[in-house]
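J.: Enclosed is the structure file structure-v4.cif (mmCIF, N, CA and C atoms).
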data_work
#
loop_
_atom_site.label_atom_id
_atom_site.label_comp_id
_atom_site.auth_asym_id
_atom_site.auth_seq_id
_atom_site.Cartn_x
_atom_site.Cartn_y
_atom_site.Cartn_z
N MET Y 1 6.39 53.66 20.96
CA MET Y 1 5.05 53.16 20.77
C MET Y 1 4.63 52.45 22.05
N ALA Y 2 3.64 52.94 22.69
CA ALA Y 2 3.16 52.35 23.94
C ALA Y 2 1.93 51.53 23.66
N SER Y 3 1.90 50.36 24.26
CA SER Y 3 0.72 49.52 24.09
C SER Y 3 0.24 49.10 25.47
N GLY Y 4 -1.06 49.00 25.62
CA GLY Y 4 -1.63 48.64 26.90
C GLY Y 4 -1.93 47.17 27.00
N GLY Y 5 -1.43 46.35 26.02
CA GLY Y 5 -1.75 44.94 26.00
C GLY Y 5 -0.82 44.11 26.86
N SER Y 6 -1.02 42.84 26.83
CA SER Y 6 -0.21 41.90 27.59
C SER Y 6 1.17 41.80 26.99
N ALA Y 7 2.12 41.44 27.80
CA ALA Y 7 3.48 41.26 27.31
C ALA Y 7 3.57 40.03 26.42
N ILE Y 8 2.67 39.08 26.60
CA ILE Y 8 2.66 37.87 25.77
C ILE Y 8 1.54 38.04 24.77
N ARG Y 9 1.92 38.18 23.51
CA ARG Y 9 0.91 38.40 22.48
C ARG Y 9 0.05 37.15 22.31
N GLY Y 10 -1.21 37.34 22.10
CA GLY Y 10 -2.12 36.23 21.86
C GLY Y 10 -2.70 35.61 23.11
N SER Y 11 -2.28 36.06 24.27
CA SER Y 11 -2.84 35.49 25.50
C SER Y 11 -3.99 36.36 25.97
N ARG Y 12 -4.79 35.83 26.85
CA ARG Y 12 -5.92 36.59 27.38
C ARG Y 12 -5.89 36.49 28.91
N VAL Y 13 -6.65 37.34 29.51
CA VAL Y 13 -6.73 37.34 30.97
C VAL Y 13 -7.35 36.03 31.43
N GLY Y 14 -6.74 35.40 32.38
CA GLY Y 14 -7.26 34.15 32.91
C GLY Y 14 -6.74 32.93 32.18
N ALA Y 15 -5.95 33.16 31.15
CA ALA Y 15 -5.41 32.01 30.43
C ALA Y 15 -4.35 31.35 31.28
N GLY Y 16 -4.46 30.08 31.43
CA GLY Y 16 -3.49 29.34 32.22
C GLY Y 16 -2.98 28.16 31.43
N PRO Y 17 -2.20 27.35 32.04
CA PRO Y 17 -1.68 26.19 31.32
C PRO Y 17 -2.81 25.22 30.98
N MET Y 18 -2.72 24.67 29.80
CA MET Y 18 -3.74 23.71 29.36
C MET Y 18 -3.50 22.39 30.08
N GLY Y 19 -4.50 21.87 30.67
CA GLY Y 19 -4.40 20.60 31.36
C GLY Y 19 -5.44 19.64 30.82
N GLU Y 20 -5.52 18.47 31.42
CA GLU Y 20 -6.48 17.48 30.98
C GLU Y 20 -7.91 17.97 31.13
N GLN Y 21 -8.15 18.81 32.10
CA GLN Y 21 -9.51 19.32 32.29
C GLN Y 21 -9.95 20.15 31.08
N ASP Y 22 -9.03 20.73 30.37
CA ASP Y 22 -9.38 21.53 29.18
C ASP Y 22 -9.48 20.68 27.92
N ARG Y 23 -8.75 19.59 27.86
CA ARG Y 23 -8.72 18.78 26.66
C ARG Y 23 -9.68 17.60 26.70
N GLY Y 24 -10.25 17.31 27.81
CA GLY Y 24 -11.17 16.20 27.91
C GLY Y 24 -10.54 14.98 28.54
N PHE Y 25 -11.30 13.93 28.61
CA PHE Y 25 -10.87 12.69 29.25
C PHE Y 25 -9.84 11.98 28.39
N HIS Y 26 -8.80 11.48 29.01
CA HIS Y 26 -7.74 10.74 28.32
C HIS Y 26 -8.09 9.24 28.36
N ALA Y 27 -8.35 8.65 27.21
CA ALA Y 27 -8.75 7.24 27.15
C ALA Y 27 -7.57 6.33 27.47
N GLU Y 28 -7.88 5.19 28.07
CA GLU Y 28 -6.86 4.19 28.34
C GLU Y 28 -6.37 3.64 27.01
N ARG Y 29 -5.06 3.44 26.92
CA ARG Y 29 -4.49 2.94 25.67
C ARG Y 29 -3.32 2.02 25.96
N VAL Y 30 -2.98 1.21 24.97
CA VAL Y 30 -1.85 0.29 25.07
C VAL Y 30 -0.86 0.62 23.96
N GLN Y 31 0.39 0.48 24.28
CA GLN Y 31 1.45 0.75 23.31
C GLN Y 31 1.91 -0.59 22.73
N VAL Y 32 1.98 -0.66 21.40
CA VAL Y 32 2.41 -1.88 20.73
C VAL Y 32 3.67 -1.54 19.94
N PHE Y 33 4.68 -2.40 20.03
CA PHE Y 33 5.95 -2.14 19.35
C PHE Y 33 6.04 -2.95 18.07
N TYR Y 34 6.56 -2.31 17.02
CA TYR Y 34 6.77 -2.93 15.73
C TYR Y 34 8.20 -2.62 15.27
N TRP Y 35 8.79 -3.53 14.48
CA TRP Y 35 10.11 -3.32 13.92
C TRP Y 35 10.10 -3.68 12.44
N CYS Y 36 10.79 -2.87 11.64
CA CYS Y 36 10.90 -3.17 10.21
C CYS Y 36 12.28 -3.76 9.93
N ALA Y 37 12.48 -4.24 8.70
CA ALA Y 37 13.74 -4.89 8.33
C ALA Y 37 14.91 -3.90 8.34
N ASN Y 38 14.65 -2.61 8.28
CA ASN Y 38 15.72 -1.60 8.29
C ASN Y 38 16.08 -1.16 9.71
N GLY Y 39 15.48 -1.78 10.72
CA GLY Y 39 15.82 -1.49 12.10
C GLY Y 39 15.04 -0.37 12.75
N HIS Y 40 14.04 0.17 12.08
CA HIS Y 40 13.23 1.22 12.68
C HIS Y 40 12.26 0.62 13.70
N GLU Y 41 12.14 1.29 14.83
CA GLU Y 41 11.20 0.85 15.86
C GLU Y 41 10.01 1.79 15.89
N LEU Y 42 8.82 1.23 15.86
CA LEU Y 42 7.59 2.00 15.88
C LEU Y 42 6.82 1.64 17.14
N SER Y 43 6.14 2.59 17.72
CA SER Y 43 5.38 2.29 18.93
C SER Y 43 4.05 3.05 18.93
N PRO Y 44 3.13 2.65 18.06
CA PRO Y 44 1.82 3.32 18.07
C PRO Y 44 0.99 2.87 19.27
N TYR Y 45 0.00 3.69 19.58
CA TYR Y 45 -0.92 3.40 20.68
C TYR Y 45 -2.26 2.95 20.11
N PHE Y 46 -2.88 2.02 20.80
CA PHE Y 46 -4.21 1.53 20.44
C PHE Y 46 -5.10 1.63 21.67
N LEU Y 47 -6.38 1.74 21.44
CA LEU Y 47 -7.35 1.82 22.51
C LEU Y 47 -7.26 0.55 23.36
N ALA Y 48 -7.25 0.70 24.68
CA ALA Y 48 -7.06 -0.44 25.58
C ALA Y 48 -8.21 -1.43 25.51
N SER Y 49 -9.41 -0.96 25.16
CA SER Y 49 -10.56 -1.85 25.14
C SER Y 49 -10.68 -2.61 23.81
N ILE Y 50 -9.76 -2.41 22.89
CA ILE Y 50 -9.82 -3.10 21.60
C ILE Y 50 -9.46 -4.58 21.80
N GLU Y 51 -10.08 -5.43 21.01
CA GLU Y 51 -9.76 -6.86 21.08
C GLU Y 51 -8.34 -7.08 20.57
N PRO Y 52 -7.57 -7.97 21.19
CA PRO Y 52 -6.19 -8.21 20.75
C PRO Y 52 -6.07 -8.64 19.29
N GLU Y 53 -7.07 -9.38 18.80
CA GLU Y 53 -6.99 -9.83 17.39
C GLU Y 53 -7.25 -8.68 16.41
N GLU Y 54 -7.76 -7.56 16.90
CA GLU Y 54 -8.00 -6.41 16.03
C GLU Y 54 -6.75 -5.54 15.86
N ILE Y 55 -5.76 -5.73 16.70
CA ILE Y 55 -4.50 -5.00 16.56
C ILE Y 55 -3.73 -5.65 15.42
N PRO Y 56 -3.32 -4.87 14.42
CA PRO Y 56 -2.67 -5.47 13.25
C PRO Y 56 -1.33 -6.11 13.57
N GLU Y 57 -1.05 -7.22 12.89
CA GLU Y 57 0.24 -7.90 13.04
C GLU Y 57 1.34 -7.14 12.32
N GLN Y 58 0.98 -6.47 11.22
CA GLN Y 58 1.95 -5.70 10.45
C GLN Y 58 1.39 -4.32 10.14
N ILE Y 59 2.28 -3.34 10.12
CA ILE Y 59 1.93 -2.00 9.67
C ILE Y 59 3.04 -1.52 8.75
N ASP Y 60 2.81 -0.44 8.03
CA ASP Y 60 3.83 0.14 7.17
C ASP Y 60 4.69 1.08 7.98
N CYS Y 61 6.00 0.97 7.80
CA CYS Y 61 6.93 1.85 8.51
C CYS Y 61 6.85 3.25 7.90
N PRO Y 62 6.58 4.29 8.70
CA PRO Y 62 6.50 5.64 8.14
C PRO Y 62 7.87 6.19 7.72
N ASN Y 63 8.95 5.58 8.20
CA ASN Y 63 10.29 6.05 7.86
C ASN Y 63 10.76 5.57 6.48
N CYS Y 64 10.53 4.28 6.20
CA CYS Y 64 11.05 3.72 4.94
C CYS Y 64 9.99 3.08 4.06
N GLY Y 65 8.78 2.87 4.58
CA GLY Y 65 7.70 2.30 3.77
C GLY Y 65 7.66 0.78 3.74
N SER Y 66 8.63 0.12 4.33
CA SER Y 66 8.62 -1.35 4.34
C SER Y 66 7.71 -1.85 5.46
N PRO Y 67 7.27 -3.12 5.37
CA PRO Y 67 6.39 -3.63 6.42
C PRO Y 67 7.11 -3.79 7.75
N ALA Y 68 6.40 -3.56 8.83
CA ALA Y 68 6.94 -3.71 10.18
C ALA Y 68 6.07 -4.68 10.95
N GLY Y 69 6.71 -5.62 11.67
CA GLY Y 69 6.00 -6.63 12.45
C GLY Y 69 6.34 -6.53 13.92
N ARG Y 70 5.69 -7.37 14.71
CA ARG Y 70 5.88 -7.32 16.16
C ARG Y 70 7.09 -8.09 16.66
N ASP Y 71 7.65 -8.96 15.85
CA ASP Y 71 8.80 -9.76 16.26
C ASP Y 71 10.09 -9.01 15.91
N LYS Y 72 10.82 -8.56 16.94
CA LYS Y 72 12.03 -7.77 16.71
C LYS Y 72 13.11 -8.60 16.03
N GLU Y 73 13.21 -9.86 16.37
CA GLU Y 73 14.26 -10.72 15.81
C GLU Y 73 13.98 -11.13 14.37
N ASN Y 74 12.71 -11.21 13.99
CA ASN Y 74 12.33 -11.62 12.63
C ASN Y 74 11.35 -10.62 12.02
N PRO Y 75 11.83 -9.44 11.62
CA PRO Y 75 10.91 -8.47 11.00
C PRO Y 75 10.47 -8.98 9.63
N PRO Y 76 9.30 -8.60 9.17
CA PRO Y 76 8.83 -9.09 7.86
C PRO Y 76 9.71 -8.56 6.74
N SER Y 77 9.88 -9.41 5.73
CA SER Y 77 10.69 -9.00 4.59
C SER Y 77 9.83 -8.25 3.59
N VAL Y 78 10.48 -7.49 2.75
CA VAL Y 78 9.78 -6.72 1.73
C VAL Y 78 9.31 -7.68 0.64
N THR Y 79 8.03 -7.60 0.30
CA THR Y 79 7.51 -8.45 -0.75
C THR Y 79 8.05 -7.96 -2.09
N LYS Y 80 8.37 -8.91 -2.93
CA LYS Y 80 8.94 -8.57 -4.23
C LYS Y 80 7.85 -8.00 -5.13
N LEU Y 81 8.08 -6.81 -5.62
CA LEU Y 81 7.12 -6.18 -6.49
C LEU Y 81 7.33 -6.65 -7.92
N GLU Y 82 6.24 -7.05 -8.57
CA GLU Y 82 6.34 -7.47 -9.96
C GLU Y 82 6.35 -6.24 -10.84
N PRO Y 83 7.22 -6.25 -11.85
CA PRO Y 83 7.26 -5.09 -12.73
C PRO Y 83 5.99 -4.98 -13.57
N TYR Y 84 5.82 -3.84 -14.18
CA TYR Y 84 4.67 -3.59 -15.04
C TYR Y 84 4.66 -4.59 -16.19
N LYS Y 85 3.52 -5.19 -16.44
CA LYS Y 85 3.39 -6.14 -17.54
C LYS Y 85 2.76 -5.47 -18.74
N THR Y 86 3.28 -5.79 -19.90
CA THR Y 86 2.71 -5.27 -21.13
C THR Y 86 1.53 -6.13 -21.55
N HIS Y 87 0.81 -5.64 -22.53
CA HIS Y 87 -0.33 -6.40 -23.06
C HIS Y 87 0.17 -7.74 -23.62
N LEU Y 88 1.30 -7.71 -24.29
CA LEU Y 88 1.85 -8.94 -24.87
C LEU Y 88 2.18 -9.96 -23.78
N ALA Y 89 2.68 -9.52 -22.64
CA ALA Y 89 2.99 -10.44 -21.54
C ALA Y 89 1.73 -11.13 -21.04
N TYR Y 90 0.63 -10.38 -20.94
CA TYR Y 90 -0.63 -10.99 -20.50
C TYR Y 90 -1.15 -11.99 -21.55
N VAL Y 91 -1.00 -11.64 -22.82
CA VAL Y 91 -1.43 -12.56 -23.89
C VAL Y 91 -0.61 -13.84 -23.84
N LYS Y 92 0.69 -13.72 -23.60
CA LYS Y 92 1.56 -14.91 -23.54
C LYS Y 92 1.21 -15.79 -22.35
N GLU Y 93 0.66 -15.21 -21.29
CA GLU Y 93 0.22 -16.02 -20.15
C GLU Y 93 -0.99 -16.86 -20.50
N ARG Y 94 -1.85 -16.34 -21.39
CA ARG Y 94 -3.10 -17.03 -21.73
C ARG Y 94 -2.94 -18.01 -22.88
N ARG Y 95 -2.00 -17.78 -23.79
CA ARG Y 95 -1.87 -18.59 -25.00
C ARG Y 95 -0.53 -19.30 -25.06
N THR Y 96 -0.57 -20.51 -25.62
CA THR Y 96 0.69 -21.22 -25.87
C THR Y 96 1.24 -20.74 -27.21
N GLU Y 97 2.46 -21.10 -27.50
CA GLU Y 97 3.10 -20.70 -28.76
C GLU Y 97 2.35 -21.28 -29.95
N GLU Y 98 1.89 -22.53 -29.83
CA GLU Y 98 1.16 -23.18 -30.93
C GLU Y 98 -0.18 -22.47 -31.20
N GLU Y 99 -0.88 -22.09 -30.12
CA GLU Y 99 -2.13 -21.36 -30.28
C GLU Y 99 -1.90 -20.01 -30.95
N ALA Y 100 -0.80 -19.37 -30.62
CA ALA Y 100 -0.48 -18.07 -31.21
C ALA Y 100 -0.23 -18.20 -32.71
N VAL Y 101 0.50 -19.25 -33.10
CA VAL Y 101 0.78 -19.47 -34.53
C VAL Y 101 -0.52 -19.76 -35.28
N THR Y 102 -1.40 -20.57 -34.69
CA THR Y 102 -2.69 -20.89 -35.33
C THR Y 102 -3.54 -19.63 -35.49
N LEU Y 103 -3.65 -18.81 -34.46
CA LEU Y 103 -4.43 -17.57 -34.54
C LEU Y 103 -3.84 -16.61 -35.56
N LEU Y 104 -2.51 -16.51 -35.61
CA LEU Y 104 -1.87 -15.62 -36.58
C LEU Y 104 -2.14 -16.07 -38.00
N ASN Y 105 -2.05 -17.37 -38.25
CA ASN Y 105 -2.32 -17.89 -39.60
C ASN Y 105 -3.77 -17.64 -40.01
N GLU Y 106 -4.71 -17.84 -39.08
CA GLU Y 106 -6.13 -17.58 -39.39
C GLU Y 106 -6.35 -16.11 -39.72
N ALA Y 107 -5.73 -15.21 -38.94
CA ALA Y 107 -5.88 -13.78 -39.18
C ALA Y 107 -5.27 -13.39 -40.52
N LEU Y 108 -4.12 -13.97 -40.86
CA LEU Y 108 -3.49 -13.67 -42.15
C LEU Y 108 -4.34 -14.17 -43.32
N GLU Y 109 -4.95 -15.34 -43.17
CA GLU Y 109 -5.82 -15.87 -44.24
C GLU Y 109 -7.02 -14.95 -44.45
N GLN Y 110 -7.62 -14.48 -43.34
CA GLN Y 110 -8.76 -13.56 -43.47
C GLN Y 110 -8.34 -12.25 -44.12
N LEU Y 111 -7.17 -11.75 -43.77
CA LEU Y 111 -6.67 -10.50 -44.34
C LEU Y 111 -6.40 -10.66 -45.83
N ARG Y 112 -5.77 -11.77 -46.21
CA ARG Y 112 -5.48 -12.02 -47.62
C ARG Y 112 -6.78 -12.19 -48.43
N ALA Y 113 -7.78 -12.82 -47.82
CA ALA Y 113 -9.06 -13.01 -48.51
C ALA Y 113 -9.73 -11.65 -48.72
N ARG Y 114 -9.68 -10.79 -47.72
CA ARG Y 114 -10.26 -9.44 -47.85
C ARG Y 114 -9.54 -8.62 -48.90
N ARG Y 115 -8.21 -8.70 -48.89
CA ARG Y 115 -7.43 -7.93 -49.86
C ARG Y 115 -7.68 -8.45 -51.29
N GLY Y 116 -7.85 -9.76 -51.40
CA GLY Y 116 -8.15 -10.34 -52.72
C GLY Y 116 -9.48 -9.83 -53.23
N LYS Y 117 -10.47 -9.70 -52.34
CA LYS Y 117 -11.78 -9.19 -52.74
C LYS Y 117 -11.70 -7.72 -53.10
N LEU Y 118 -10.88 -6.95 -52.39
CA LEU Y 118 -10.74 -5.52 -52.65
C LEU Y 118 -10.05 -5.28 -54.01
N THR Y 119 -9.06 -6.08 -54.35
CA THR Y 119 -8.36 -5.87 -55.62
C THR Y 119 -9.19 -6.40 -56.80
N ALA Y 120 -10.08 -7.35 -56.55
CA ALA Y 120 -10.90 -7.91 -57.63
C ALA Y 120 -11.99 -6.91 -58.05
N GLN Y 121 -12.34 -6.00 -57.22
CA GLN Y 121 -13.43 -5.07 -57.57
C GLN Y 121 -13.03 -4.04 -58.54
#
Please rewrite the model in this file as structure tokens.
T.:
Amino acid sequence: MASGGSAIRGSRVGAGPMGEQDRGFHAERVQVFYWCANGHELSPYFLASIEPEEIPEQIDCPNCGSPAGRDKENPPSVTKLEPYKTHLAYVKERRTEEEAVTLLNEALEQLRARRGKLTAQ
């Protein structure tokens, strides 16, 4: 099978190496280093004209998901995640034990009164 095309498939006549002139202007940037508690080092780049206070103090480590900070000796610790709370746990946060007993007794009295009316009919 004879083909009259280029030896390199997908190339065209005049195609050369891609350089900065083809990709556009390269903006000035600064490299900032971050470290997580698991020892991962991150080095993202930020625009050089950005204000220093706009560069985040912490980012999430893409390797392990824990927070990463700028201080290599003291990386941020993982915040303790609270487990899922049930409805009862939220109610217990709002009510004391005495309030719960009072509300339960009131509800039982109303229920007994309703049932008494239903059986009397």
J.: List the spatial neighbours of Pro44 in chain Y as a list in words - criterion: any atom at most 6 Å away, all atoms listed in the file, same-chain residues fewer than 2 positions off excluded.
T.: Val30, Gln31, Val32, Phe33, Leu42 and Phe46 of chain Y
J.: Can you check which residues of range 61-113 of chain Y DSSP gives as alpha helix (DSSP H) on the backbone and send them as a list of chain:residue names?
T.: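 Selecting the alpha helix (DSSP H) positions of range 61-113 of chain Y gives Y:His87, Y:Leu88, Y:Ala89, Y:Tyr90, Y:Val91, Y:Lys92, Y:Glu93, Y:Arg94, Y:Glu97, Y:Glu98, Y:Glu99, Y:Ala100, Y:Val101, Y:Thr102, Y:Leu103, Y:Leu104, Y:Asn105, Y:Glu106, Y:Ala107, Y:Leu108, Y:Glu109, Y:Gln110, Y:Leu111, Y:Arg112, Y:Ala113.
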J.: Hey, could you pull the box centre and edge lengths for range 48-53 of chain Y, axis-aligned, 8 Å padding per side, all listed atoms, to one decimal in Å, as lines of an AutoDock Vina configuration file?
T.:
center_x = -8.4
center_y = -4.6
center_z = 21.0
size_x = 20.6
size_y = 26.5
size_z = 25.2
J.: Near Ile59 in chain Y, counting all atoms listed in the file, which residues have an atom at most 6 Å away, once you skip same-chain residues fewer than 3 positions from it, shown as a VMD selection string?
T.: chain Y and resid 56 66 to 69
J.: If I take CA of Arg112 in chain Y and CA of Ala100 in chain Y, how far is one from the other in Å, to one decimal?
T.: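 Going from CA of Arg112 in chain Y over to CA of Ala100 in chain Y covers 18.2 Å.
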J.: Determine, counting only N, CA and C atoms, which protein, DNA and RNA residues have an atom within 7 Å of an atom of Leu47 in chain Y; residues of the same chain fewer than 5 positions away are not included. Present the result as number ranges by chain.
T.: Y: 27-30
J.: Extract, using all atoms listed in the file, all DNA, RNA and protein residues at most 8 Å from Lys72 in chain Y, discarding same-chain residues fewer than 4 positions from it, and format them as a short mmCIF file (atom, residue, chain, number, x, y, z; two decimals) with N, CA and C atoms, in the coordinates of the input.
T.:
data_model
loop_
_atom_site.label_atom_id
_atom_site.label_comp_id
_atom_site.auth_asym_id
_atom_site.auth_seq_id
_atom_site.Cartn_x
_atom_site.Cartn_y
_atom_site.Cartn_z
N PHE Y 33 4.68 -2.40 20.03
CA PHE Y 33 5.95 -2.14 19.35
C PHE Y 33 6.04 -2.95 18.07
N TYR Y 34 6.56 -2.31 17.02
CA TYR Y 34 6.77 -2.93 15.73
C TYR Y 34 8.20 -2.62 15.27
N TRP Y 35 8.79 -3.53 14.48
CA TRP Y 35 10.11 -3.32 13.92
C TRP Y 35 10.10 -3.68 12.44
N CYS Y 36 10.79 -2.87 11.64
CA CYS Y 36 10.90 -3.17 10.21
C CYS Y 36 12.28 -3.76 9.93
N PRO Y 76 9.30 -8.60 9.17
CA PRO Y 76 8.83 -9.09 7.86
C PRO Y 76 9.71 -8.56 6.74
#
J.: So the first atom is atom C of Leu88 in chain Y and the second is atom N of Val101 in chain Y; what is the distance between them in Å, to one decimal place?
T.: 13.3 Å
J.: Extract range 60-103 of chain Y from the preceding block and save C-alpha atoms as a PDB file, in the first residue's frame.
T.:
ATOM      1  CA  ASP Y  60      -6.309  21.491  49.966  1.00  0.00           C
ATOM      2  CA  CYS Y  61      -3.654  18.920  49.150  1.00  0.00           C
ATOM      3  CA  PRO Y  62      -4.596  17.176  45.872  1.00  0.00           C
ATOM      4  CA  ASN Y  63      -2.755  14.019  47.002  1.00  0.00           C
ATOM      5  CA  CYS Y  64      -4.484  13.338  50.326  1.00  0.00           C
ATOM      6  CA  GLY Y  65      -7.173  16.024  50.740  1.00  0.00           C
ATOM      7  CA  SER Y  66      -5.808  17.425  54.006  1.00  0.00           C
ATOM      8  CA  PRO Y  67      -5.106  21.151  54.405  1.00  0.00           C
ATOM      9  CA  ALA Y  68      -1.692  22.434  53.325  1.00  0.00           C
ATOM     10  CA  GLY Y  69      -0.044  25.597  54.677  1.00  0.00           C
ATOM     11  CA  ARG Y  70       3.015  27.681  53.899  1.00  0.00           C
ATOM     12  CA  ASP Y  71       4.990  26.770  57.029  1.00  0.00           C
ATOM     13  CA  LYS Y  72       6.949  23.563  56.342  1.00  0.00           C
ATOM     14  CA  GLU Y  73       7.766  22.993  60.015  1.00  0.00           C
ATOM     15  CA  ASN Y  74       4.164  23.469  61.216  1.00  0.00           C
ATOM     16  CA  PRO Y  75       1.700  22.236  58.578  1.00  0.00           C
ATOM     17  CA  PRO Y  76      -1.978  22.705  59.466  1.00  0.00           C
ATOM     18  CA  SER Y  77      -3.644  19.833  61.246  1.00  0.00           C
ATOM     19  CA  VAL Y  78      -6.745  18.108  59.983  1.00  0.00           C
ATOM     20  CA  THR Y  79      -9.872  19.567  61.526  1.00  0.00           C
ATOM     21  CA  LYS Y  80     -11.921  17.028  63.393  1.00  0.00           C
ATOM     22  CA  LEU Y  81     -15.053  16.188  61.480  1.00  0.00           C
ATOM     23  CA  GLU Y  82     -18.202  15.883  63.545  1.00  0.00           C
ATOM     24  CA  PRO Y  83     -20.221  12.777  62.832  1.00  0.00           C
ATOM     25  CA  TYR Y  84     -23.722  12.937  61.425  1.00  0.00           C
ATOM     26  CA  LYS Y  85     -26.226  14.069  64.044  1.00  0.00           C
ATOM     27  CA  THR Y  86     -29.654  12.547  64.327  1.00  0.00           C
ATOM     28  CA  HIS Y  87     -32.821  14.526  64.881  1.00  0.00           C
ATOM     29  CA  LEU Y  88     -32.823  13.380  68.505  1.00  0.00           C
ATOM     30  CA  ALA Y  89     -29.297  14.754  69.020  1.00  0.00           C
ATOM     31  CA  TYR Y  90     -30.401  18.185  67.794  1.00  0.00           C
ATOM     32  CA  VAL Y  91     -33.470  18.072  70.063  1.00  0.00           C
ATOM     33  CA  LYS Y  92     -31.271  17.181  73.045  1.00  0.00           C
ATOM     34  CA  GLU Y  93     -29.107  20.225  72.298  1.00  0.00           C
ATOM     35  CA  ARG Y  94     -32.160  22.510  72.514  1.00  0.00           C
ATOM     36  CA  ARG Y  95     -34.004  20.934  75.473  1.00  0.00           C
ATOM     37  CA  THR Y  96     -33.014  19.963  78.986  1.00  0.00           C
ATOM     38  CA  GLU Y  97     -34.094  16.634  80.453  1.00  0.00           C
ATOM     39  CA  GLU Y  98     -36.706  18.365  82.652  1.00  0.00           C
ATOM     40  CA  GLU Y  99     -38.204  20.186  79.647  1.00  0.00           C
ATOM     41  CA  ALA Y 100     -38.389  16.898  77.765  1.00  0.00           C
ATOM     42  CA  VAL Y 101     -40.271  15.201  80.618  1.00  0.00           C
ATOM     43  CA  THR Y 102     -42.718  18.137  80.850  1.00  0.00           C
ATOM     44  CA  LEU Y 103     -43.384  18.116  77.086  1.00  0.00           C
TER      45      LEU Y 103
END
